[in-house]
4 protein chains.
Amino acid sequence: MLSSVLMKTDKNNAVLLVVCPDRTGLVAAISDFVFKHRGNIVDSDQHTDLETGTFLMRLEWELNDFQLDRAELQNRLQELAKPFQMQFQLFFSDQKLRMGILVSKYRHCLYDLLVRHALGELEVEIPLILSNHADLIEVARHFGIPFEVVEVPAGQKQAAENRQLELLKKAKVDFLVLARYMQILSPAFVAAYPSAIINIHHSFLPAFIGGRPYHQAYARGVKLIGATSHYVTEELDNGPIIEQSVSRVSHRDRVEDLIRKGGDQEKLALAFAVRMHVEHRIACYNNKTVVFE
Amino acid sequence: MLSSVLMKTDKNNAVLLVVCPDRTGLVAAISDFVFKHRGNIVDSDQHTDLETGTFLMRLEWELNDFQLDRAELQNRLQELAKPFQMQFQLFFSDQKLRMGILVSKYRHCLYDLLVRHALGELEVEIPLILSNHADLIEVARHFGIPFEVVEVPAGQKQAAENRQLELLKKAKVDFLVLARYMQILSPAFVAAYPSAIINIHHSFLPAFIGGRPYHQAYARGVKLIGATSHYVTEELDNGPIIEQSVSRVSHRDRVEDLIRKGGDQEKLALAFAVRMHVEHRIACYNNKTVVFE
Amino acid sequence: MLSSVLMKTDKNNAVLLVVCPDRTGLVAAISDFVFKHRGNIVDSDQHTDLETGTFLMRLEWELNDFQLDRAELQNRLQELAKPFQMQFQLFFSDQKLRMGILVSKYRHCLYDLLVRHALGELEVEIPLILSNHADLIEVARHFGIPFEVVEVPAGQKQAAENRQLELLKKAKVDFLVLARYMQILSPAFVAAYPSAIINIHHSFLPAFIGGRPYHQAYARGVKLIGATSHYVTEELDNGPIIEQSVSRVSHRDRVEDLIRKGGDQEKLALAFAVRMHVEHRIACYNNKTVVFE
Amino acid sequence: MLSSVLMKTDKNNAVLLVVCPDRTGLVAAISDFVFKHRGNIVDSDQHTDLETGTFLMRLEWELNDFQLDRAELQNRLQELAKPFQMQFQLFFSDQKLRMGILVSKYRHCLYDLLVRHALGELEVEIPLILSNHADLIEVARHFGIPFEVVEVPAGQKQAAENRQLELLKKAKVDFLVLARYMQILSPAFVAAYPSAIINIHHSFLPAFIGGRPYHQAYARGVKLIGATSHYVTEELDNGPIIEQSVSRVSHRDRVEDLIRKGGDQEKLALAFAVRMHVEHRIACYNNKTVVFE
């Protein structure tokens, strides 16, 4: 079966994501730290933004012969980080992230994520699907994922968001995916998951911000339509872009064809973003992403 | 819901597909025939292959005010066709084609087709899914499609194919889709559905014909991988190509990544082929396709 | 040599472009008209915009056995057009369009167009290159194209445009290409060449309208950059889009890389637009294009 | 001017390319070596092929404060390399590679390379263009590049190749680009420039190996055509692939259209390969390339 082909052999790796001011010796300091404690580096990627003087790095190493336990590792990294003003995140491959999904009635992105998950393409736990409608409960059930409805009546968004946050907290969700969720989240909600809410916008941002982008694209007569996955920030459709994908259209395509063709790009751009996020391959700075693909 | 957005308004159209030797007056003769019986042409596309002197045309018109009934139309078209040595196929938009699906254990293409069908993207009936394994029965059940298992034990292919053909006949299937079906069909089976079996091959044909194309692609070190949907003919992976789709790969991609990335292209190339087929947009000649997109 | 391979055999064809309100019988009326005067239709393409009720058609036929001379053809078409409120344009393949090119200092698009012209890819005459700088005179000389400098000092645009229009008129130019011309044309200038000035904008419109789009794209952190060829209208960067082309970028790409990668897309989108225009394959309506590719 | 925008600020960097058996501590050893001699690493990329146990790395650092001179650096690297069985190549950004170009009569790739060079996109010297025909001498002259004709009469390839090698040696050429050169090079010639001859093949390899690939593609009825840049090895069209690029085609495209569309992909795939080569971003192993983009 496909799933067995794709399932990675059980890994016991650490992943370190670093952002800090650029300075001579950073690569050497970090890789030497790992090496001297007997970590075998299996993947190393680094980027320096010369304009802002920002250094970013992703390092992955095997823990089999590593000499520090996880608590020690965390402590020693803090010591290492201090003189470099390093912000770092540390992950372990045997601790899968927990992803919550928010949906409304559109189901193409939801199916896409759940099929990929079932096939082993996404190394993530999915403890909860939240929706403001009951329509997609059978989809969740088919894949064996808990599904909760929290209606969002006009004028009662805050109560609804409180209930959503409560459910997400109970499900111990690490990050959220808006799989064509048709509600705008409040700044307070967004602040609860910083750099941890992934949205799919159905246009090639920054073109066609806001509502009904396919109708906007049709009216403008564009020859390509697109989809953009990005982290959600306070400002609508303006967070750090993770991935963009486009499809050719022509005068023969009506709005319904744009919706269909765009739907395929939405699935690809969203699935890519989720995979990069759960593999800890995205670093954010300056309202942009660095994707260590 | 998406499905309601995509559902075409009820159409009552005729579609005519024509292949014949090129000759002056063909466009005029056919369009005049439709017009004088009060058919409103809504789509007309034509291609002349100058090398072989072949004329191909697709014409779609509304039947609301059309003055011939369907039997008369068929008769009058035969009269029209004779002097031009025209081969033609006539379809009506209210008579959806019936599609049989053959699968084995891979499920990404099956899910993709069934979700699109549920969303109203494919105007087709699906009366039967046939498999040589029972693995995917729950998928069929979720979408409410009949599922039958016909095992194909080594040395007993002919008996199995007889049983398959019997089931397909009983389900009144018009054409077949091999959604990563892992058995090679016999020439007799292929002959039962001429230009009516669509396969998805997981390479950019004619590169990597035959088994394990992703492994072949990995060994060769290509920088793009592809998928090809085509009609099945007697000769393996050599039938008329309907669509090809590619994805960029790099040295970082292992065979399992090629399988994952290629899977996305398989879905796109297969779904496109099925949509073109059910909308009667494909004409075959000279082991090639003309796709009136 | 490549040029001889690409040179079309001498054709003696007529091309008719039609835009009119949709009505039953249009395809039949037009194709019958051509046929009864013994024109052999070699290419026919048609589009109906159901939303606005607009019918558009491109018809190409051989004139060898055609029974009307060119003046008669024009007259008879006017008679045919009247009852249908048809707007039509008639072209003959042996009368090549005459293209003027406006450039400033960037030369990648200019080289691209002139090499394609030399290779026989563009069936067009190029009687004049106009520039506000003398930098590219050697490029023009190498390809044997007349080159004139009309400086555009601040505050003297109108005098400059008058001089430009005079030179273009003298060179009997049918349409203009702005090959990265860095001046904004006045409404009066634009009005002198309606639907006949092709510009290349170095972004994926409508994203990044106006100046320094690559810098804008870099600042936003997009993952794809694009180029858009379009007809120039009074409103900046808002004319009918002919073609769009994109290229993948990553965090590794600095502004200079965006300029380089984008330059390739500019060349492709502009060359495609010019080829479609000189082959009379573009119909405009409703601030959009129909490209009969 | 574009060239000034694209021109990199004067760099004084070292680039190290490493291939060796994978082993713990490689990243740390190499980056520590650079750091302890005060090299500031500006770019670091690494790849481990787990299947073959091969480690590959590209490291670029600034030499401004570096404490070793170039001879010392070479010596110390040899010491470092020995215990790791490391094969390494060392380059300096102020020593541009010298590129020889071989052409026949097709000029689209030649123009493309020379325009990019003139614009500052390729950091390379071009001391010589060699051709078996005199046709393109004016192109070379326009760009100020020496051009020599060495005819290759039937049966006299060896004498011609001797003359070519002599001229290339005299011009101190480091590597060669076959910009649609229509002669097959002998194994002896190829052996004189190991991993240093870049060819552009006008198909999506391994499809359509050998002659007239566009005609082969047309006959097969493919829906995408491609181009492949690769290093030349003894076996025809079978060397390590550097880059592949594709373009969509349809039934409307004749062989001459495939040639035109394919030509654009040839230019892109070849220019990319040349840029990667001159920036020392390609490592070869196992008849594949790793492109540290």
# chains A, B, ... in the order shown; residues from 1 in each chain; ligands from 1
>>> interface_residues(of="chain D", to="chain A", cutoff="8 Å", atoms="only C-alpha atoms", output="ChimeraX atom specification")
/D:23-25,27-29,31-32,35,38-48
>>> write_last_selection(atoms="N, CA, C and O atoms", output="short mmCIF file (atom, residue, chain, number, x, y, z; two decimals), in the first residue's frame")
data_model
loop_
_atom_site.label_atom_id
_atom_site.label_comp_id
_atom_site.auth_asym_id
_atom_site.auth_seq_id
_atom_site.Cartn_x
_atom_site.Cartn_y
_atom_site.Cartn_z
N ARG D 23 29.97 10.71 6.88
CA ARG D 23 30.57 10.38 8.17
C ARG D 23 30.18 11.45 9.18
O ARG D 23 30.05 12.62 8.82
N THR D 24 30.01 11.09 10.41
CA THR D 24 29.69 12.06 11.44
C THR D 24 30.80 13.11 11.55
O THR D 24 31.98 12.77 11.46
N GLY D 25 30.41 14.37 11.70
CA GLY D 25 31.39 15.41 11.97
C GLY D 25 31.87 16.18 10.77
O GLY D 25 32.68 17.10 10.90
N VAL D 27 30.22 18.31 8.60
CA VAL D 27 29.79 19.72 8.59
C VAL D 27 30.59 20.52 9.62
O VAL D 27 31.10 21.61 9.34
N ALA D 28 30.69 19.94 10.81
CA ALA D 28 31.41 20.65 11.88
C ALA D 28 32.88 20.84 11.52
O ALA D 28 33.43 21.93 11.69
N ALA D 29 33.51 19.81 10.98
CA ALA D 29 34.94 19.90 10.66
C ALA D 29 35.21 20.98 9.63
O ALA D 29 36.14 21.79 9.78
N SER D 31 33.15 23.55 8.60
CA SER D 31 32.78 24.93 8.97
C SER D 31 33.70 25.44 10.08
O SER D 31 34.04 26.63 10.11
N ASP D 32 34.15 24.55 10.94
CA ASP D 32 35.07 24.97 11.98
C ASP D 32 36.41 25.39 11.39
O ASP D 32 37.03 26.38 11.83
N PHE D 35 35.97 28.81 10.06
CA PHE D 35 35.78 29.80 11.12
C PHE D 35 37.07 30.12 11.86
O PHE D 35 37.39 31.27 12.14
N ARG D 38 39.08 32.65 10.51
CA ARG D 38 38.37 33.92 10.36
C ARG D 38 37.69 34.14 9.00
O ARG D 38 37.64 35.25 8.48
N GLY D 39 37.19 33.06 8.43
CA GLY D 39 36.37 33.20 7.22
C GLY D 39 34.92 33.39 7.63
O GLY D 39 34.41 32.66 8.49
N ASN D 40 34.23 34.36 7.05
CA ASN D 40 32.82 34.56 7.35
C ASN D 40 31.98 33.82 6.32
O ASN D 40 31.93 34.19 5.14
N ILE D 41 31.32 32.73 6.75
CA ILE D 41 30.53 31.89 5.84
C ILE D 41 29.29 32.67 5.39
O ILE D 41 28.49 33.09 6.22
N VAL D 42 29.15 32.90 4.09
CA VAL D 42 27.98 33.61 3.58
C VAL D 42 26.96 32.67 2.95
O VAL D 42 25.82 33.03 2.75
N ASP D 43 27.38 31.47 2.63
CA ASP D 43 26.44 30.51 2.07
C ASP D 43 26.95 29.11 2.34
O ASP D 43 28.12 28.80 2.13
N SER D 44 26.02 28.27 2.80
CA SER D 44 26.40 26.91 3.15
C SER D 44 25.25 26.00 2.77
O SER D 44 24.10 26.25 3.13
N ASP D 45 25.52 25.00 1.99
CA ASP D 45 24.46 24.05 1.62
C ASP D 45 25.09 22.67 1.59
O ASP D 45 26.26 22.51 1.22
N GLN D 46 24.27 21.68 1.95
CA GLN D 46 24.84 20.35 2.14
C GLN D 46 23.80 19.33 1.73
O GLN D 46 22.60 19.58 1.84
N HIS D 47 24.24 18.20 1.24
CA HIS D 47 23.30 17.13 0.91
C HIS D 47 23.93 15.79 1.23
O HIS D 47 25.10 15.55 0.95
N THR D 48 23.14 14.93 1.83
CA THR D 48 23.60 13.56 2.08
C THR D 48 22.71 12.60 1.30
O THR D 48 21.49 12.61 1.47
#
>>> select_by_dssp(residues="range 103-186 of chain D", states="helix (DSSP H, G or I)", output="NGL selection string")
:D and (108-119 or 137-143 or 157-170)
>>> write_last_selection(atoms="N, CA and C atoms", output="short mmCIF file (atom, residue, chain, number, x, y, z; two decimals), in the first residue's frame")
data_model
loop_
_atom_site.label_atom_id
_atom_site.label_comp_id
_atom_site.auth_asym_id
_atom_site.auth_seq_id
_atom_site.Cartn_x
_atom_site.Cartn_y
_atom_site.Cartn_z
N HIS D 108 19.69 30.87 -31.75
CA HIS D 108 18.89 31.38 -30.63
C HIS D 108 19.60 31.18 -29.29
N CYS D 109 20.24 30.03 -29.10
CA CYS D 109 20.95 29.82 -27.82
C CYS D 109 22.20 30.70 -27.74
N LEU D 110 22.88 30.89 -28.84
CA LEU D 110 24.07 31.74 -28.83
C LEU D 110 23.71 33.17 -28.45
N TYR D 111 22.70 33.72 -29.13
CA TYR D 111 22.25 35.07 -28.78
C TYR D 111 21.89 35.15 -27.30
N ASP D 112 21.16 34.16 -26.84
CA ASP D 112 20.70 34.18 -25.46
C ASP D 112 21.87 34.25 -24.48
N LEU D 113 22.87 33.42 -24.70
CA LEU D 113 24.03 33.42 -23.80
C LEU D 113 24.78 34.74 -23.87
N LEU D 114 24.95 35.26 -25.09
CA LEU D 114 25.76 36.47 -25.23
C LEU D 114 25.04 37.70 -24.69
N VAL D 115 23.71 37.75 -24.85
CA VAL D 115 22.96 38.86 -24.25
C VAL D 115 23.05 38.79 -22.72
N ARG D 116 22.85 37.60 -22.17
CA ARG D 116 22.94 37.46 -20.71
C ARG D 116 24.34 37.87 -20.22
N HIS D 117 25.35 37.46 -20.96
CA HIS D 117 26.70 37.83 -20.58
C HIS D 117 26.88 39.35 -20.60
N ALA D 118 26.36 39.97 -21.66
CA ALA D 118 26.47 41.43 -21.78
C ALA D 118 25.72 42.13 -20.65
N LEU D 119 24.64 41.50 -20.17
CA LEU D 119 23.84 42.11 -19.10
C LEU D 119 24.43 41.85 -17.72
N ILE D 137 29.26 34.51 -37.63
CA ILE D 137 30.39 35.38 -37.31
C ILE D 137 29.94 36.79 -36.94
N GLU D 138 28.87 37.26 -37.58
CA GLU D 138 28.41 38.62 -37.27
C GLU D 138 27.84 38.72 -35.86
N VAL D 139 27.25 37.66 -35.40
CA VAL D 139 26.74 37.65 -34.03
C VAL D 139 27.90 37.81 -33.05
N ALA D 140 28.94 37.02 -33.25
CA ALA D 140 30.12 37.10 -32.38
C ALA D 140 30.72 38.51 -32.42
N ARG D 141 30.83 39.04 -33.63
CA ARG D 141 31.43 40.36 -33.80
C ARG D 141 30.63 41.43 -33.05
N HIS D 142 29.30 41.33 -33.15
CA HIS D 142 28.45 42.32 -32.46
C HIS D 142 28.73 42.36 -30.96
N PHE D 143 29.03 41.19 -30.40
CA PHE D 143 29.27 41.14 -28.95
C PHE D 143 30.77 41.21 -28.62
N LYS D 157 36.83 14.06 -38.85
CA LYS D 157 36.49 14.59 -37.54
C LYS D 157 37.72 14.70 -36.64
N GLN D 158 38.62 13.68 -36.72
CA GLN D 158 39.74 13.69 -35.78
C GLN D 158 40.66 14.89 -35.99
N ALA D 159 40.95 15.17 -37.24
CA ALA D 159 41.78 16.34 -37.54
C ALA D 159 41.10 17.61 -37.06
N ALA D 160 39.79 17.69 -37.29
CA ALA D 160 39.05 18.87 -36.86
C ALA D 160 39.08 19.01 -35.34
N GLU D 161 38.86 17.90 -34.66
CA GLU D 161 38.87 17.97 -33.20
C GLU D 161 40.25 18.36 -32.66
N ASN D 162 41.29 17.86 -33.31
CA ASN D 162 42.64 18.26 -32.89
C ASN D 162 42.80 19.77 -32.99
N ARG D 163 42.32 20.30 -34.10
CA ARG D 163 42.42 21.75 -34.32
C ARG D 163 41.58 22.50 -33.27
N GLN D 164 40.39 21.99 -33.02
CA GLN D 164 39.52 22.61 -32.01
C GLN D 164 40.20 22.62 -30.64
N LEU D 165 40.74 21.46 -30.26
CA LEU D 165 41.37 21.36 -28.93
C LEU D 165 42.55 22.32 -28.82
N GLU D 166 43.27 22.45 -29.91
CA GLU D 166 44.41 23.37 -29.94
C GLU D 166 43.94 24.81 -29.70
N LEU D 167 42.89 25.20 -30.41
CA LEU D 167 42.37 26.57 -30.25
C LEU D 167 41.81 26.80 -28.85
N LEU D 168 41.13 25.80 -28.32
CA LEU D 168 40.55 25.93 -26.98
C LEU D 168 41.64 26.04 -25.93
N LYS D 169 42.70 25.27 -26.14
CA LYS D 169 43.81 25.30 -25.19
C LYS D 169 44.48 26.67 -25.22
N LYS D 170 44.68 27.15 -26.44
CA LYS D 170 45.30 28.47 -26.61
C LYS D 170 44.47 29.57 -25.95
#
>>> residues_around(residues="range 184-188 of chain C", least_positions_apart="2", cutoff="8 Å", atoms="only C-alpha atoms", output="NGL selection string")
:C and (182 or 190-192 or 233-234)
>>> select_by_dssp(residues="range 35-150 of chain C", states="strand (DSSP E)", output="PyMOL selection string")
chain C and resi 40-49+54-62+87-92+97-103+124-131+147-149
>>> atom_distance(atom1="CA of Leu176 in chain B", atom2="CA of Lys267 in chain B")
15.9 Å
>>> closest_residue(among="C:Val255, C:Leu17, C:Val173, C:Ile209", to="Pro127 in chain C", atoms="only C-alpha atoms")
C:Val173
>>> residues_around(residues="Pro213 in chain B", least_positions_apart="3", cutoff="10 Å", atoms="only C-alpha atoms", output="ChimeraX atom specification")
/B:201-205,207-210,216-219,225-227,258-259
>>> write_last_selection(atoms="C-alpha atoms", output="compact mmCIF listing (two decimals), in the first residue's frame")
# COMPACT_ATOMS: atom_id res chain seq x y z
CA HIS B 201 0.86 6.19 -16.30
CA HIS B 202 3.17 7.55 -13.65
CA SER B 203 5.82 8.96 -15.94
CA PHE B 204 6.25 11.55 -18.64
CA LEU B 205 5.73 9.18 -21.60
CA ALA B 207 10.18 8.23 -20.94
CA PHE B 208 10.11 5.36 -18.42
CA ILE B 209 7.65 2.99 -20.07
CA GLY B 210 6.76 -0.09 -18.03
CA GLN B 216 13.71 4.63 -13.12
CA ALA B 217 13.42 8.44 -12.90
CA TYR B 218 15.34 8.52 -9.63
CA ALA B 219 18.12 6.38 -11.08
CA ILE B 225 8.88 14.02 -13.10
CA GLY B 226 5.59 13.59 -14.86
CA ALA B 227 2.36 11.73 -15.33
CA LEU B 258 8.97 11.31 -6.27
CA ILE B 259 6.03 9.02 -5.54
>>> atom_distance(atom1="CA of Phe147 in chain D", atom2="CA of Ile129 in chain D")
4.7 Å
>>> atom_distance(atom1="CA of Gly53 in chain B", atom2="CA of Tyr214 in chain D")
20.5 Å
>>> residues_around(residues="Asn286 in chain B", least_positions_apart="4", cutoff="10 Å", atoms="only C-alpha atoms", output="PyMOL selection string")
(chain B and resi 52+54+240) or (chain D and resi 219-221)
>>> closest_residue(among="A:His251, A:Arg180, A:Arg212, A:His230", to="Ile282 in chain C", atoms="only C-alpha atoms")
A:His251
>>> decode(residues="range 232-242 of chain B", atoms="all heavy atoms", output="PDB file, in the first residue's frame")
ATOM      1  N   VAL B 232      -5.943   3.412 -23.621  1.00  0.00           N
ATOM      2  CA  VAL B 232      -5.227   2.143 -23.645  1.00  0.00           C
ATOM      3  C   VAL B 232      -5.410   1.485 -25.006  1.00  0.00           C
ATOM      4  O   VAL B 232      -6.524   1.403 -25.528  1.00  0.00           O
ATOM      5  CB  VAL B 232      -5.751   1.217 -22.532  1.00  0.00           C
ATOM      6  CG1 VAL B 232      -5.089  -0.156 -22.618  1.00  0.00           C
ATOM      7  CG2 VAL B 232      -5.502   1.852 -21.173  1.00  0.00           C
ATOM      8  N   THR B 233      -4.291   1.056 -25.584  1.00  0.00           N
ATOM      9  CA  THR B 233      -4.323   0.258 -26.806  1.00  0.00           C
ATOM     10  C   THR B 233      -3.573  -1.035 -26.531  1.00  0.00           C
ATOM     11  O   THR B 233      -3.080  -1.253 -25.421  1.00  0.00           O
ATOM     12  CB  THR B 233      -3.651   1.015 -27.969  1.00  0.00           C
ATOM     13  OG1 THR B 233      -2.320   1.354 -27.568  1.00  0.00           O
ATOM     14  CG2 THR B 233      -4.424   2.282 -28.320  1.00  0.00           C
ATOM     15  N   GLU B 234      -3.472  -1.849 -27.535  1.00  0.00           N
ATOM     16  CA  GLU B 234      -2.818  -3.151 -27.332  1.00  0.00           C
ATOM     17  C   GLU B 234      -1.392  -3.005 -26.843  1.00  0.00           C
ATOM     18  O   GLU B 234      -0.924  -3.772 -26.017  1.00  0.00           O
ATOM     19  CB  GLU B 234      -2.821  -3.927 -28.661  1.00  0.00           C
ATOM     20  CG  GLU B 234      -4.080  -4.761 -28.850  1.00  0.00           C
ATOM     21  CD  GLU B 234      -3.820  -5.886 -29.843  1.00  0.00           C
ATOM     22  OE1 GLU B 234      -2.658  -6.333 -29.964  1.00  0.00           O
ATOM     23  OE2 GLU B 234      -4.795  -6.307 -30.485  1.00  0.00           O
ATOM     24  N   GLU B 235      -0.688  -2.013 -27.375  1.00  0.00           N
ATOM     25  CA  GLU B 235       0.720  -1.873 -27.045  1.00  0.00           C
ATOM     26  C   GLU B 235       0.889  -1.100 -25.732  1.00  0.00           C
ATOM     27  O   GLU B 235       0.378   0.017 -25.585  1.00  0.00           O
ATOM     28  CB  GLU B 235       1.436  -1.127 -28.182  1.00  0.00           C
ATOM     29  CG  GLU B 235       2.941  -1.300 -28.159  1.00  0.00           C
ATOM     30  CD  GLU B 235       3.580  -0.599 -29.354  1.00  0.00           C
ATOM     31  OE1 GLU B 235       2.897  -0.411 -30.389  1.00  0.00           O
ATOM     32  OE2 GLU B 235       4.749  -0.203 -29.227  1.00  0.00           O
ATOM     33  N   LEU B 236       1.613  -1.665 -24.794  1.00  0.00           N
ATOM     34  CA  LEU B 236       1.736  -1.116 -23.442  1.00  0.00           C
ATOM     35  C   LEU B 236       2.225   0.329 -23.433  1.00  0.00           C
ATOM     36  O   LEU B 236       3.261   0.654 -24.014  1.00  0.00           O
ATOM     37  CB  LEU B 236       2.707  -1.988 -22.631  1.00  0.00           C
ATOM     38  CG  LEU B 236       2.864  -1.585 -21.144  1.00  0.00           C
ATOM     39  CD1 LEU B 236       1.571  -1.801 -20.377  1.00  0.00           C
ATOM     40  CD2 LEU B 236       4.014  -2.335 -20.510  1.00  0.00           C
ATOM     41  N   ASP B 237       1.489   1.203 -22.754  1.00  0.00           N
ATOM     42  CA  ASP B 237       1.866   2.607 -22.548  1.00  0.00           C
ATOM     43  C   ASP B 237       2.101   3.366 -23.854  1.00  0.00           C
ATOM     44  O   ASP B 237       2.851   4.334 -23.896  1.00  0.00           O
ATOM     45  CB  ASP B 237       3.146   2.717 -21.681  1.00  0.00           C
ATOM     46  CG  ASP B 237       2.936   2.129 -20.298  1.00  0.00           C
ATOM     47  OD1 ASP B 237       1.775   2.077 -19.852  1.00  0.00           O
ATOM     48  OD2 ASP B 237       3.925   1.713 -19.679  1.00  0.00           O
ATOM     49  N   ASN B 238       1.457   2.903 -24.927  1.00  0.00           N
ATOM     50  CA  ASN B 238       1.698   3.535 -26.220  1.00  0.00           C
ATOM     51  C   ASN B 238       0.441   4.092 -26.882  1.00  0.00           C
ATOM     52  O   ASN B 238       0.455   4.475 -28.048  1.00  0.00           O
ATOM     53  CB  ASN B 238       2.397   2.552 -27.170  1.00  0.00           C
ATOM     54  CG  ASN B 238       3.051   3.261 -28.318  1.00  0.00           C
ATOM     55  OD1 ASN B 238       3.552   4.377 -28.137  1.00  0.00           O
ATOM     56  ND2 ASN B 238       3.031   2.665 -29.496  1.00  0.00           N
ATOM     57  N   GLY B 239      -0.650   4.169 -26.157  1.00  0.00           N
ATOM     58  CA  GLY B 239      -1.889   4.675 -26.743  1.00  0.00           C
ATOM     59  C   GLY B 239      -1.882   6.190 -26.858  1.00  0.00           C
ATOM     60  O   GLY B 239      -0.953   6.859 -26.398  1.00  0.00           O
ATOM     61  N   PRO B 240      -2.925   6.755 -27.482  1.00  0.00           N
ATOM     62  CA  PRO B 240      -3.006   8.204 -27.685  1.00  0.00           C
ATOM     63  C   PRO B 240      -2.960   8.961 -26.360  1.00  0.00           C
ATOM     64  O   PRO B 240      -3.740   8.685 -25.447  1.00  0.00           O
ATOM     65  CB  PRO B 240      -4.369   8.391 -28.359  1.00  0.00           C
ATOM     66  CG  PRO B 240      -4.704   7.074 -28.966  1.00  0.00           C
ATOM     67  CD  PRO B 240      -4.075   6.041 -28.079  1.00  0.00           C
ATOM     68  N   ILE B 241      -2.041   9.925 -26.270  1.00  0.00           N
ATOM     69  CA  ILE B 241      -1.852  10.697 -25.045  1.00  0.00           C
ATOM     70  C   ILE B 241      -2.936  11.770 -24.943  1.00  0.00           C
ATOM     71  O   ILE B 241      -3.181  12.513 -25.894  1.00  0.00           O
ATOM     72  CB  ILE B 241      -0.452  11.352 -25.036  1.00  0.00           C
ATOM     73  CG1 ILE B 241       0.615  10.263 -24.905  1.00  0.00           C
ATOM     74  CG2 ILE B 241      -0.331  12.386 -23.913  1.00  0.00           C
ATOM     75  CD1 ILE B 241       2.044  10.777 -25.082  1.00  0.00           C
ATOM     76  N   ILE B 242      -3.577  11.854 -23.795  1.00  0.00           N
ATOM     77  CA  ILE B 242      -4.614  12.876 -23.581  1.00  0.00           C
ATOM     78  C   ILE B 242      -4.035  14.083 -22.856  1.00  0.00           C
ATOM     79  O   ILE B 242      -4.284  15.224 -23.226  1.00  0.00           O
ATOM     80  CB  ILE B 242      -5.798  12.286 -22.772  1.00  0.00           C
ATOM     81  CG1 ILE B 242      -6.370  11.052 -23.473  1.00  0.00           C
ATOM     82  CG2 ILE B 242      -6.892  13.349 -22.581  1.00  0.00           C
ATOM     83  CD1 ILE B 242      -7.357  10.255 -22.635  1.00  0.00           C
TER      84      ILE B 242
END
